[in-house]
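Below is one structure, written out as structure tokens; comments come after it.
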Amino acid sequence: MSSNKTLITLTLLFSLSIITGCSELRVLEPKGPVGEDQKELIIYSLWFMLGIVVVVFGLFGYMVFKYRDRPGRGNKDYEPEQDGNLKVEIIWTIIPLIIVTLLSIPTVDTLFDLEKPPQSANEEEPLVVYATSADWKWFFSYPEQGIETVNYLHIPTERPIEFRLSSADSMAALWIPALGGQKYNMAGMQTILYLQADEEGVYDGRNSNFNGEGFSLQTFQVHAEEDTAFKEWVNKIKNEKPELTQDQYNELLKPSIIGEMAFSNTHLEWVDHGTMMGSDYSIKRHQNAYEKKLHLKSLDKADAEEEGDADEAQ
Amino acid sequence: MKLSEFFVTGEPLIYAGMVAIVLVTCAIVFLLTYFKRWGWLWREWLTTVDHKKIGIMYILSALAMLFRGGVDALMMRVQLAFPDLNFLNSQHYNEIFTTHGTVMIIFMAMPFLIGLMNIVVPLQIGARDFAFPYVNALSFWSFFFGALLFNISFVIGGSPDAGWTSYTPLAGAALSPGPGQNFYLLGLQLSGIGTLATGINLMVTILKMRAPGMKLFQMPIFTWSTLVTCFIIIFAFPILTVALALMTIDRIFGAQFFTLTGEGMPMLWANLFWMWGHPEVYIVILPAFGIFSEIIATFANKRLFGYKAMVWSMILIAGLSFLVWVHHFFTMGAGAFVNSVFSVSTMLIAVPTGVKIFNWLGTLYKSKIQFTTPMLWSLAFIPSFVIGGVTGVMLGMAAADYQFHNSYFLIAHFHYVLIAGTVFACFAGLEYWYPKMFGHKLNQKLGKLSFWLFVIGFHITFFPQYFLGLDGMPRRLFDTAPEWFTLNFISTIGAFGMGAGFALFVLNIYYSYKTSPREKTGDSWDGRTLEWATPTPIPHYNFATQPTVKELDAFHDMKKRGETTYDESKLKPIHMPNYSGQPFIMMGLLFFSSFALVFEWIILSAVFLVAVLVMMGIHSFDYDDGYHVEVEDIKRTERQLRGLNDEHTGS
């Protein structure tokens with residue numbers, strides 16, 4: 001009896017959360033074609049899963065209720081020696097196999113699609129952005145535009161972005177839930193992630209792969225805007241921001257939390273961490289810097305920066 | 001090295017932990033001295049090679065570890081209940097989720113199940129002990145000292161903080177200097193020896209020591225699950241051993257296997273880790289399936305539905321478990337083809353698992369269900385595990401996984417399978433076999449209360465986390481943003497429900513010890529398998545005469561024919577192994593060797609290692625053949641336990 005109550009509560013909880021929850025969740029409210037593909041796949045699979053849950057919960061509730069031992073039940077409907085039935089066993093092996101097949105086809109299909117830039121309306125070449133992670137910050141280099149930003153980036157809407165991911169030290173993962181799934185940033189190698197924004201807006205991005213003390217604060221913002229606005233922004237950075245020197249870059253690579261920055265050149269001039277040559281660049285220069293603790297207390301980057309500056313002053 | 005570097009300083013919570021450790025140690029020493037129990041402790045427990053006592057020690061240690069891992073979990077949930085709470089800082093939080101994961105998998109789930117296997121498997125197959133009882137004791141002490149080594153890290157030297165997966169390069173010497181990560185490597189290495197040895201030991205026991213007549217396909221399903229698990233252990237654990245050794249050599253002796261410098265390959269670690277890690281998941285879930293199968297059949301008062309399909313599905317799952325490790329890092333960029341292959345192999349696991357779910361439902365069909373506490377745990381497992389299972393399939397769809405990976409969706413999924421699967425099974429199995437171990441049942445009322453608290457708490461904790469994941473909350477975040485407050489707060493409330501359920505469970509152990517009626521027969525639940533054929537308490541030699549088995553559910557059928565396993569006319573002297581203090585001392589020395597290596601005191605470590613090798617050498621010349629229990633002694637014990645009329649004694 002009591003198990004049946006759990007069942008009812010669970011089903012209620014489940015459906016309630018589904019109804020109230022899904023409408024505002026980032027992954028299910030994507031702002032670009034990549035996230036859209038993934039959302040469609042998720043929703044498609046969710047229907048199968050709901051079906052399975054309903055069938056199993058239904059059978060479970062029925063069995064538990066109907067065949068509970070109760071006074072006066074006697075031996076009606078009681079077959080203690082029954083130990084199998086080939087026909088139903090074959091059925092419940094084949095149905096899951098069919099479901100797995102039905103899930104596999106779109107999965108494989110989407111997997112191959114995601115390796116290519118999304119189809120864009122104006123058939124433009126993807127915009128190349130090198131996204132380099134370093135403990136605990138992001139460098140975004142635009143080689144064609146000759147600019148580099150730290151901890152934020154601007155992208156044009158309705159144009160595929162080809163992120164070339166790598167890391168100066170620990171492994172990270174670039175994840176912008178509103179635009180689509182993530183991929184790892186690894187030192188000494190390059191991975192490619194295609195994303196695209198179809199709607200203007202400011203989206204949260206972060207490192208989603210734990211990489212030490214400052215992990216929680218390794219976030220950035222993506223400003224998606226129309227092509228003209230994007231070009232304006234590029235020009236502004238190009239004209240108004242200083243050049244990044246190698247010394248300054250090396251200093252920035254040190255494990256730390258820093259705010260947003262922009263420069264009118266890129267660090268690719270002297271190192272690409274996505275190549276085998278670049279994999280020990282940071283470690284060699286900052287060997288002893290990783291011992292220091294940052295004593296982070298909240299997700300507020302400004303606090304963490306102050307703390308770091310105070311440590312520096314000592 | 002200064003003392004302030006040796007002990008962890010500066011954290012009030014850790015100071016409190018230190019005080020607690022000192023007080024508890026003092027209390028234990030005092031009690032043992034006051035009641036003059038030191039000799040008893042040594043003779044009856046520390047030197048034992050009896051599988052039943054070793055099993056009990058495994059379970060007690062696992063419960064202690066469940067407490068430790070649980071406190072870690074509650075501390076994390078408190079920190080995440082409110083944004084910017086600042087209960088734990090980032091570093092402390094990282095240490096805690098690392099130890100939570102490692103403790104729960106390596107030092108709680110596995111030993112708990114191995115403890116149950118220790119006690120139950122020899123009894124189920126009608127054996128008198130393990131094939132290698134001495135090695136069994138060695139295994140236990142290697143686990144025990146491995147766990148001890150890992151656990152002292154939080155007061156001495158500092159806890160590891162690179163996650164239970166310890167991905168390089170983060171976990172390497174360059175990015176994680178200090179002893180913390182060494183504790184992880186050597187604690188796991190030390191306990192891994194024991195796990196591997198247990199795998200071999202149990203496999204030989206099951207293959208060679210079954211009661212006469214018992215064919216492989218007449219073995220109880222829990223024994224089958226153990227056998228399959230042993231295969232996984234034997235093939236998977238060497239990978240972990242090698243991986244840990246490589247990283248230890250990297251960190252302590254400056255090699256470059258997983259480093260960023262010297263053309264090391266940090267991503268090789270992720271591969272090696274999961275080539276062990278995924279089979280590991282099945283090491284802790286298959287025995288759980290076995291336990292549920294036994295309990296469901298017993299309390300449904302019916303034969304297990306589709307026994308052969310159940311066995312074959314476990315074998316299939318075990319095989320597939322070695323072919324899916326890449327699904328833990330679909331996002332590494334291995335390409336669409338590789339991801340497709342591993343996606344499909346991952347989803348295929350759902351088929352044999354689904355077969356098992358339907359077979360349990362089939363067992364319930366036309367049965368008579370008794371809602372005892374172990375049965376409640378087993379029934380709650382089915383729907384809860386299905387939620388974990390279907391979300392697992394969703395995670396297996398690589399293209400979608402790019403969005404789920406590293407998020408709370410993943411956290412929710414694996415807690416749904418590991419808690420609803422493994423933890424429920426540990427509780428269910430312990431309550432089920434408790435009368436066999438301690439001679440009395442656990443109180444059913446308290447047991448049910450703790451069940452409801454735990455299960456409801458569990459769903460409240462983890463169900464909201466699916467939605468946190470879909471909203472983009474990554475795992476291992478030490479502080480939450482205001483937008484995720486509500487769901488996190490609900491989750492924390494649930495965690496305290498689970499905590500209360502566990503506390504009540506432990507309280508029940510004490511309460512039942514005081515109040516439960518003692519078992520009069522050995523067959524506490526009208527059981528179906530041979531462990532229930534032994535009297536309670538079980539004589540140290542288990543079976544006076546080995547039963548001849550003709551069918552599955554051997555004891556159930558014996559009872560129907562009015563037979564017992566005891567045949568006085570066939571009594572013969574029983575050969576039993578002697579107790580030995582060597583396993584305890586040997587593993588103690590290995591503990592000191594590992595501890596020295598953690599702090600990179602190489603010479604000291606080598607000295608202890610040599611001592612271990614010398615002990616091994618000495619043991620290889622040990623011709624101790626054990627002893628025989630005489631027929632008269634067996635007769636007296638059995639008659640007393642079985643309440644038989646003993647007119648012959650004394651004459």
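For the structure tokens, the naming scheme is as follows: chains receive sequential letters (A, B, ...) according to their order of presentation, residues are indexed from 1 within each chain, and ligands are indexed from 1 in presentation order.
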Report the closest atom pair, with its distance in Å rounded to one decimal, for each residue of chain A that has an atom no farther than 6 Å from chain B; count only C-alpha atoms, sort by chain and then rising residue number, and write it as a Markdown table.
```
| residue | atom | partner | partner_atom | distance |
| --- | --- | --- | --- | --- |
| A:Leu25 | CA | B:Asp471 | CA | 4.5 |
| A:Arg26 | CA | B:Asp471 | CA | 4.7 |
| A:Val27 | CA | B:Leu470 | CA | 5.3 |
| A:Gln38 | CA | B:Ala400 | CA | 5.3 |
| A:Met49 | CA | B:Val390 | CA | 5.7 |
| A:Met63 | CA | B:Tyr365 | CA | 5.9 |
| A:Tyr67 | CA | B:Lys368 | CA | 5.5 |
| A:Arg68 | CA | B:Ile369 | CA | 4.5 |
| A:Asp69 | CA | B:Lys368 | CA | 4.8 |
| A:Asp77 | CA | B:Lys366 | CA | 5.3 |
| A:Tyr78 | CA | B:Lys366 | CA | 4.7 |
| A:Glu79 | CA | B:Lys366 | CA | 5.6 |
| A:Pro80 | CA | B:Lys302 | CA | 4.2 |
| A:Glu81 | CA | B:Arg303 | CA | 5.8 |
| A:Asp83 | CA | B:Phe305 | CA | 4.4 |
| A:Gly84 | CA | B:Gly306 | CA | 4.6 |
| A:Pro96 | CA | B:Val351 | CA | 5.5 |
| A:Thr107 | CA | B:Met397 | CA | 5.8 |
| A:Val108 | CA | B:Ser340 | CA | 5.4 |
| A:Leu111 | CA | B:Ala399 | CA | 5.2 |
| A:Phe112 | CA | B:Ala336 | CA | 5.3 |
| A:Ser170 | CA | B:Leu170 | CA | 5.4 |
| A:Pro177 | CA | B:Gly472 | CA | 5.8 |
| A:Gly181 | CA | B:Gln403 | CA | 4.2 |
| A:Gln182 | CA | B:Tyr402 | CA | 5.2 |
| A:Lys183 | CA | B:Thr331 | CA | 4.6 |
| A:Tyr184 | CA | B:Met332 | CA | 5.3 |
| A:Thr191 | CA | B:Gly333 | CA | 6.0 |
| A:Ser208 | CA | B:Pro474 | CA | 5.6 |
| A:Glu213 | CA | B:Gln91 | CA | 5.6 |
| A:Ser216 | CA | B:Leu477 | CA | 5.2 |
| A:Ser279 | CA | B:Leu260 | CA | 5.8 |
| A:Asp280 | CA | B:Thr261 | CA | 5.1 |
| A:Tyr290 | CA | B:Leu175 | CA | 5.6 |
| A:Leu296 | CA | B:Ser90 | CA | 5.4 |
| A:Lys297 | CA | B:Asn89 | CA | 4.9 |
| A:Ser298 | CA | B:Asp84 | CA | 5.4 |
```
For N, CA and C atoms, I'd like the residues from the last selection saved as a short mmCIF file (atom, residue, chain, number, x, y, z; two decimals), in the first residue's frame.
```cif
data_model
loop_
_atom_site.label_atom_id
_atom_site.label_comp_id
_atom_site.auth_asym_id
_atom_site.auth_seq_id
_atom_site.Cartn_x
_atom_site.Cartn_y
_atom_site.Cartn_z
N LEU A 25 14.31 26.79 -18.83
CA LEU A 25 15.65 26.24 -18.68
C LEU A 25 16.51 26.56 -19.89
N ARG A 26 17.73 27.01 -19.63
CA ARG A 26 18.61 27.51 -20.70
C ARG A 26 18.81 26.50 -21.82
N VAL A 27 19.07 25.24 -21.44
CA VAL A 27 19.37 24.24 -22.45
C VAL A 27 18.15 24.01 -23.33
N GLN A 38 20.38 20.24 -30.52
CA GLN A 38 20.53 19.43 -29.31
C GLN A 38 19.24 19.39 -28.51
N MET A 49 11.59 8.39 -23.03
CA MET A 49 11.86 8.14 -21.61
C MET A 49 10.58 8.24 -20.79
N MET A 63 1.40 -4.35 -10.03
CA MET A 63 1.90 -5.57 -9.37
C MET A 63 1.90 -5.41 -7.85
N TYR A 67 -0.86 -7.72 -6.00
CA TYR A 67 -0.33 -8.96 -5.45
C TYR A 67 0.24 -8.81 -4.06
N ARG A 68 -0.19 -7.75 -3.35
CA ARG A 68 0.26 -7.64 -1.96
C ARG A 68 -0.41 -8.74 -1.14
N ASP A 69 0.31 -9.18 -0.14
CA ASP A 69 -0.25 -10.21 0.73
C ASP A 69 -1.19 -9.52 1.71
N ASP A 77 -4.83 -16.39 -7.70
CA ASP A 77 -3.81 -15.64 -8.46
C ASP A 77 -2.43 -15.76 -7.87
N TYR A 78 -2.12 -16.86 -7.23
CA TYR A 78 -0.80 -17.02 -6.63
C TYR A 78 -0.14 -18.23 -7.25
N GLU A 79 0.95 -18.00 -8.00
CA GLU A 79 1.64 -19.11 -8.66
C GLU A 79 3.11 -19.12 -8.27
N PRO A 80 3.39 -19.67 -7.09
CA PRO A 80 4.76 -19.58 -6.56
C PRO A 80 5.80 -20.30 -7.42
N GLU A 81 5.37 -21.22 -8.25
CA GLU A 81 6.36 -21.99 -9.02
C GLU A 81 6.63 -21.39 -10.40
N ASP A 83 8.24 -19.48 -13.16
CA ASP A 83 9.60 -18.94 -13.15
C ASP A 83 10.05 -18.41 -14.51
N GLY A 84 9.14 -18.10 -15.38
CA GLY A 84 9.56 -17.50 -16.64
C GLY A 84 8.52 -17.72 -17.72
N PRO A 96 13.05 -2.81 -26.10
CA PRO A 96 14.17 -1.90 -25.80
C PRO A 96 15.17 -1.79 -26.95
N THR A 107 20.87 10.39 -33.02
CA THR A 107 22.08 10.75 -32.28
C THR A 107 23.28 10.81 -33.21
N VAL A 108 23.45 9.74 -33.99
CA VAL A 108 24.58 9.67 -34.91
C VAL A 108 24.48 10.78 -35.94
N LEU A 111 25.44 13.99 -34.38
CA LEU A 111 26.88 14.01 -34.09
C LEU A 111 27.68 14.45 -35.31
N PHE A 112 27.33 13.89 -36.47
CA PHE A 112 28.07 14.26 -37.68
C PHE A 112 27.76 15.70 -38.08
N SER A 170 45.62 23.76 -17.19
CA SER A 170 44.71 22.66 -16.87
C SER A 170 43.64 22.47 -17.94
N PRO A 177 25.60 27.46 -22.46
CA PRO A 177 24.39 26.63 -22.53
C PRO A 177 23.33 27.17 -23.48
N GLY A 181 26.16 22.86 -26.84
CA GLY A 181 27.00 22.05 -25.96
C GLY A 181 28.47 22.43 -25.94
N GLN A 182 29.19 21.73 -25.08
CA GLN A 182 30.56 22.12 -24.77
C GLN A 182 31.59 21.22 -25.43
N LYS A 183 32.84 21.63 -25.34
CA LYS A 183 33.96 20.78 -25.71
C LYS A 183 35.14 21.15 -24.83
N TYR A 184 36.07 20.19 -24.70
CA TYR A 184 37.22 20.42 -23.81
C TYR A 184 38.25 21.33 -24.44
N THR A 191 40.86 21.61 -30.22
CA THR A 191 39.56 21.04 -30.57
C THR A 191 38.72 22.14 -31.19
N SER A 208 33.22 24.60 -17.73
CA SER A 208 32.37 23.66 -17.00
C SER A 208 33.18 22.50 -16.44
N GLU A 213 41.14 25.76 -7.89
CA GLU A 213 40.50 26.66 -6.92
C GLU A 213 39.62 27.72 -7.56
N SER A 216 35.14 28.01 -10.26
CA SER A 216 33.78 28.57 -10.23
C SER A 216 33.72 29.98 -10.80
N SER A 279 52.37 23.64 -25.22
CA SER A 279 51.73 22.98 -24.08
C SER A 279 52.43 23.25 -22.76
N ASP A 280 53.75 23.47 -22.78
CA ASP A 280 54.42 23.73 -21.49
C ASP A 280 54.81 25.20 -21.31
N TYR A 290 51.43 27.84 -8.68
CA TYR A 290 50.20 27.08 -8.44
C TYR A 290 50.00 26.68 -6.99
N LEU A 296 39.09 32.00 -2.09
CA LEU A 296 37.87 32.53 -2.70
C LEU A 296 36.66 32.22 -1.83
N LYS A 297 35.84 33.26 -1.63
CA LYS A 297 34.69 33.08 -0.75
C LYS A 297 33.36 33.20 -1.48
N SER A 298 33.35 33.84 -2.65
CA SER A 298 32.08 33.98 -3.36
C SER A 298 32.35 34.01 -4.85
#
```
Close residues, region 160-163 of chain A itself excluded, 7 Å, only C-alpha atoms, min 6 positions apart in chain, as a list in words | Pro117, Pro118, Ser120, Pro126, Leu127, Val128, Val129, Tyr130, Ala131, Ile192, Leu193, Tyr194, Leu195 and Gln196 of chain A
Mind writing the picked residues with N, CA and C atoms as a PDB file, in the first residue's frame?
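Final output, saved to again-v3.pdb:
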```pdb
ATOM      1  N   PRO A 117      30.138  23.430 -39.575  1.00  0.00           N
ATOM      2  CA  PRO A 117      29.488  24.672 -39.162  1.00  0.00           C
ATOM      3  C   PRO A 117      27.996  24.611 -39.481  1.00  0.00           C
ATOM      4  N   PRO A 118      27.157  25.180 -38.616  1.00  0.00           N
ATOM      5  CA  PRO A 118      25.717  25.150 -38.889  1.00  0.00           C
ATOM      6  C   PRO A 118      25.400  25.890 -40.185  1.00  0.00           C
ATOM      7  N   SER A 120      24.068  28.527 -42.344  1.00  0.00           N
ATOM      8  CA  SER A 120      23.588  29.875 -42.033  1.00  0.00           C
ATOM      9  C   SER A 120      22.919  30.464 -43.268  1.00  0.00           C
ATOM     10  N   PRO A 126      32.603  30.715 -41.510  1.00  0.00           N
ATOM     11  CA  PRO A 126      32.575  30.897 -40.062  1.00  0.00           C
ATOM     12  C   PRO A 126      33.603  31.925 -39.605  1.00  0.00           C
ATOM     13  N   LEU A 127      33.256  32.619 -38.507  1.00  0.00           N
ATOM     14  CA  LEU A 127      34.201  33.523 -37.872  1.00  0.00           C
ATOM     15  C   LEU A 127      35.100  32.702 -36.955  1.00  0.00           C
ATOM     16  N   VAL A 128      36.410  32.813 -37.133  1.00  0.00           N
ATOM     17  CA  VAL A 128      37.329  32.028 -36.314  1.00  0.00           C
ATOM     18  C   VAL A 128      37.675  32.771 -35.030  1.00  0.00           C
ATOM     19  N   VAL A 129      37.442  32.117 -33.908  1.00  0.00           N
ATOM     20  CA  VAL A 129      37.835  32.685 -32.610  1.00  0.00           C
ATOM     21  C   VAL A 129      38.633  31.634 -31.855  1.00  0.00           C
ATOM     22  N   TYR A 130      39.859  31.971 -31.489  1.00  0.00           N
ATOM     23  CA  TYR A 130      40.639  31.071 -30.631  1.00  0.00           C
ATOM     24  C   TYR A 130      40.213  31.311 -29.190  1.00  0.00           C
ATOM     25  N   ALA A 131      39.704  30.283 -28.533  1.00  0.00           N
ATOM     26  CA  ALA A 131      39.329  30.429 -27.129  1.00  0.00           C
ATOM     27  C   ALA A 131      40.332  29.647 -26.292  1.00  0.00           C
ATOM     28  N   ILE A 192      37.787  21.732 -32.015  1.00  0.00           N
ATOM     29  CA  ILE A 192      36.980  22.741 -32.706  1.00  0.00           C
ATOM     30  C   ILE A 192      35.518  22.602 -32.310  1.00  0.00           C
ATOM     31  N   LEU A 193      34.930  23.720 -31.956  1.00  0.00           N
ATOM     32  CA  LEU A 193      33.518  23.733 -31.558  1.00  0.00           C
ATOM     33  C   LEU A 193      32.791  24.798 -32.375  1.00  0.00           C
ATOM     34  N   TYR A 194      31.757  24.378 -33.083  1.00  0.00           N
ATOM     35  CA  TYR A 194      30.956  25.338 -33.848  1.00  0.00           C
ATOM     36  C   TYR A 194      29.737  25.746 -33.040  1.00  0.00           C
ATOM     37  N   LEU A 195      29.523  27.037 -32.942  1.00  0.00           N
ATOM     38  CA  LEU A 195      28.313  27.549 -32.302  1.00  0.00           C
ATOM     39  C   LEU A 195      27.807  28.710 -33.147  1.00  0.00           C
ATOM     40  N   GLN A 196      26.568  29.063 -32.909  1.00  0.00           N
ATOM     41  CA  GLN A 196      26.015  30.221 -33.621  1.00  0.00           C
ATOM     42  C   GLN A 196      24.866  30.800 -32.825  1.00  0.00           C
TER      43      GLN A 196
END
```
Pick from A:Leu153, A:Ala289, A:Leu294, A:Ala229 nearest to Met261 (chain A), counting only C-alpha atoms | A:Leu153
Selected residue, from B:Gly55, B:Pro537, B:Gly157, B:Pro220, that lies nearest to Ala137 (chain B) when counting only C-alpha atoms =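 Counting only C-alpha atoms, the residue closest to Ala137 (chain B) is B:Gly55.
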One-decimal distance in Å that lies between CA of Leu418 (chain B) and CA of Ala288 (chain B) =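 Between these atoms lies a distance of 9.7 Å.
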List every residue of region 68-116 of chain A that DSSP, applied to the backbone of this structure, assigns to alpha helix (DSSP H), and report them as a PyMOL selection string.
-> chain A and resi 86-114
Got a sec: who's within 8 Å of Trp164 (chain B), counting only C-alpha atoms, leaving out chain neighbours fewer than 2 positions off, as a PyMOL selection string?
-> chain B and resi 97-99+101-102+162+166
Find the residues around Asp50 (chain B) up to 9 Å (only C-alpha atoms counted), leave out those fewer than 5 positions away in its own chain, and share them as an NGL selection string.
-> :B and (55 or 129-130 or 133-134 or 136-137 or 540-541 or 577 or 579)
May I have the residues from that selection written out with C-alpha atoms, as an mmCIF file, in the first residue's frame?
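Resulting contents of part-v3.cif:
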```
data_model
loop_
_atom_site.group_PDB
_atom_site.id
_atom_site.type_symbol
_atom_site.label_atom_id
_atom_site.label_comp_id
_atom_site.auth_asym_id
_atom_site.auth_seq_id
_atom_site.Cartn_x
_atom_site.Cartn_y
_atom_site.Cartn_z
ATOM 1 C CA GLY B 55 32.474 -9.544 6.389
ATOM 2 C CA ASP B 129 35.113 -20.551 4.068
ATOM 3 C CA PHE B 130 36.856 -18.776 1.224
ATOM 4 C CA PRO B 133 41.023 -17.455 4.062
ATOM 5 C CA TYR B 134 44.434 -15.965 4.871
ATOM 6 C CA ASN B 136 40.845 -12.796 2.581
ATOM 7 C CA ALA B 137 42.128 -11.349 5.858
ATOM 8 C CA HIS B 540 32.432 -21.219 12.600
ATOM 9 C CA TYR B 541 32.621 -24.167 10.188
ATOM 10 C CA PRO B 577 42.399 -22.728 8.954
ATOM 11 C CA TYR B 579 43.855 -17.510 12.753
#
```
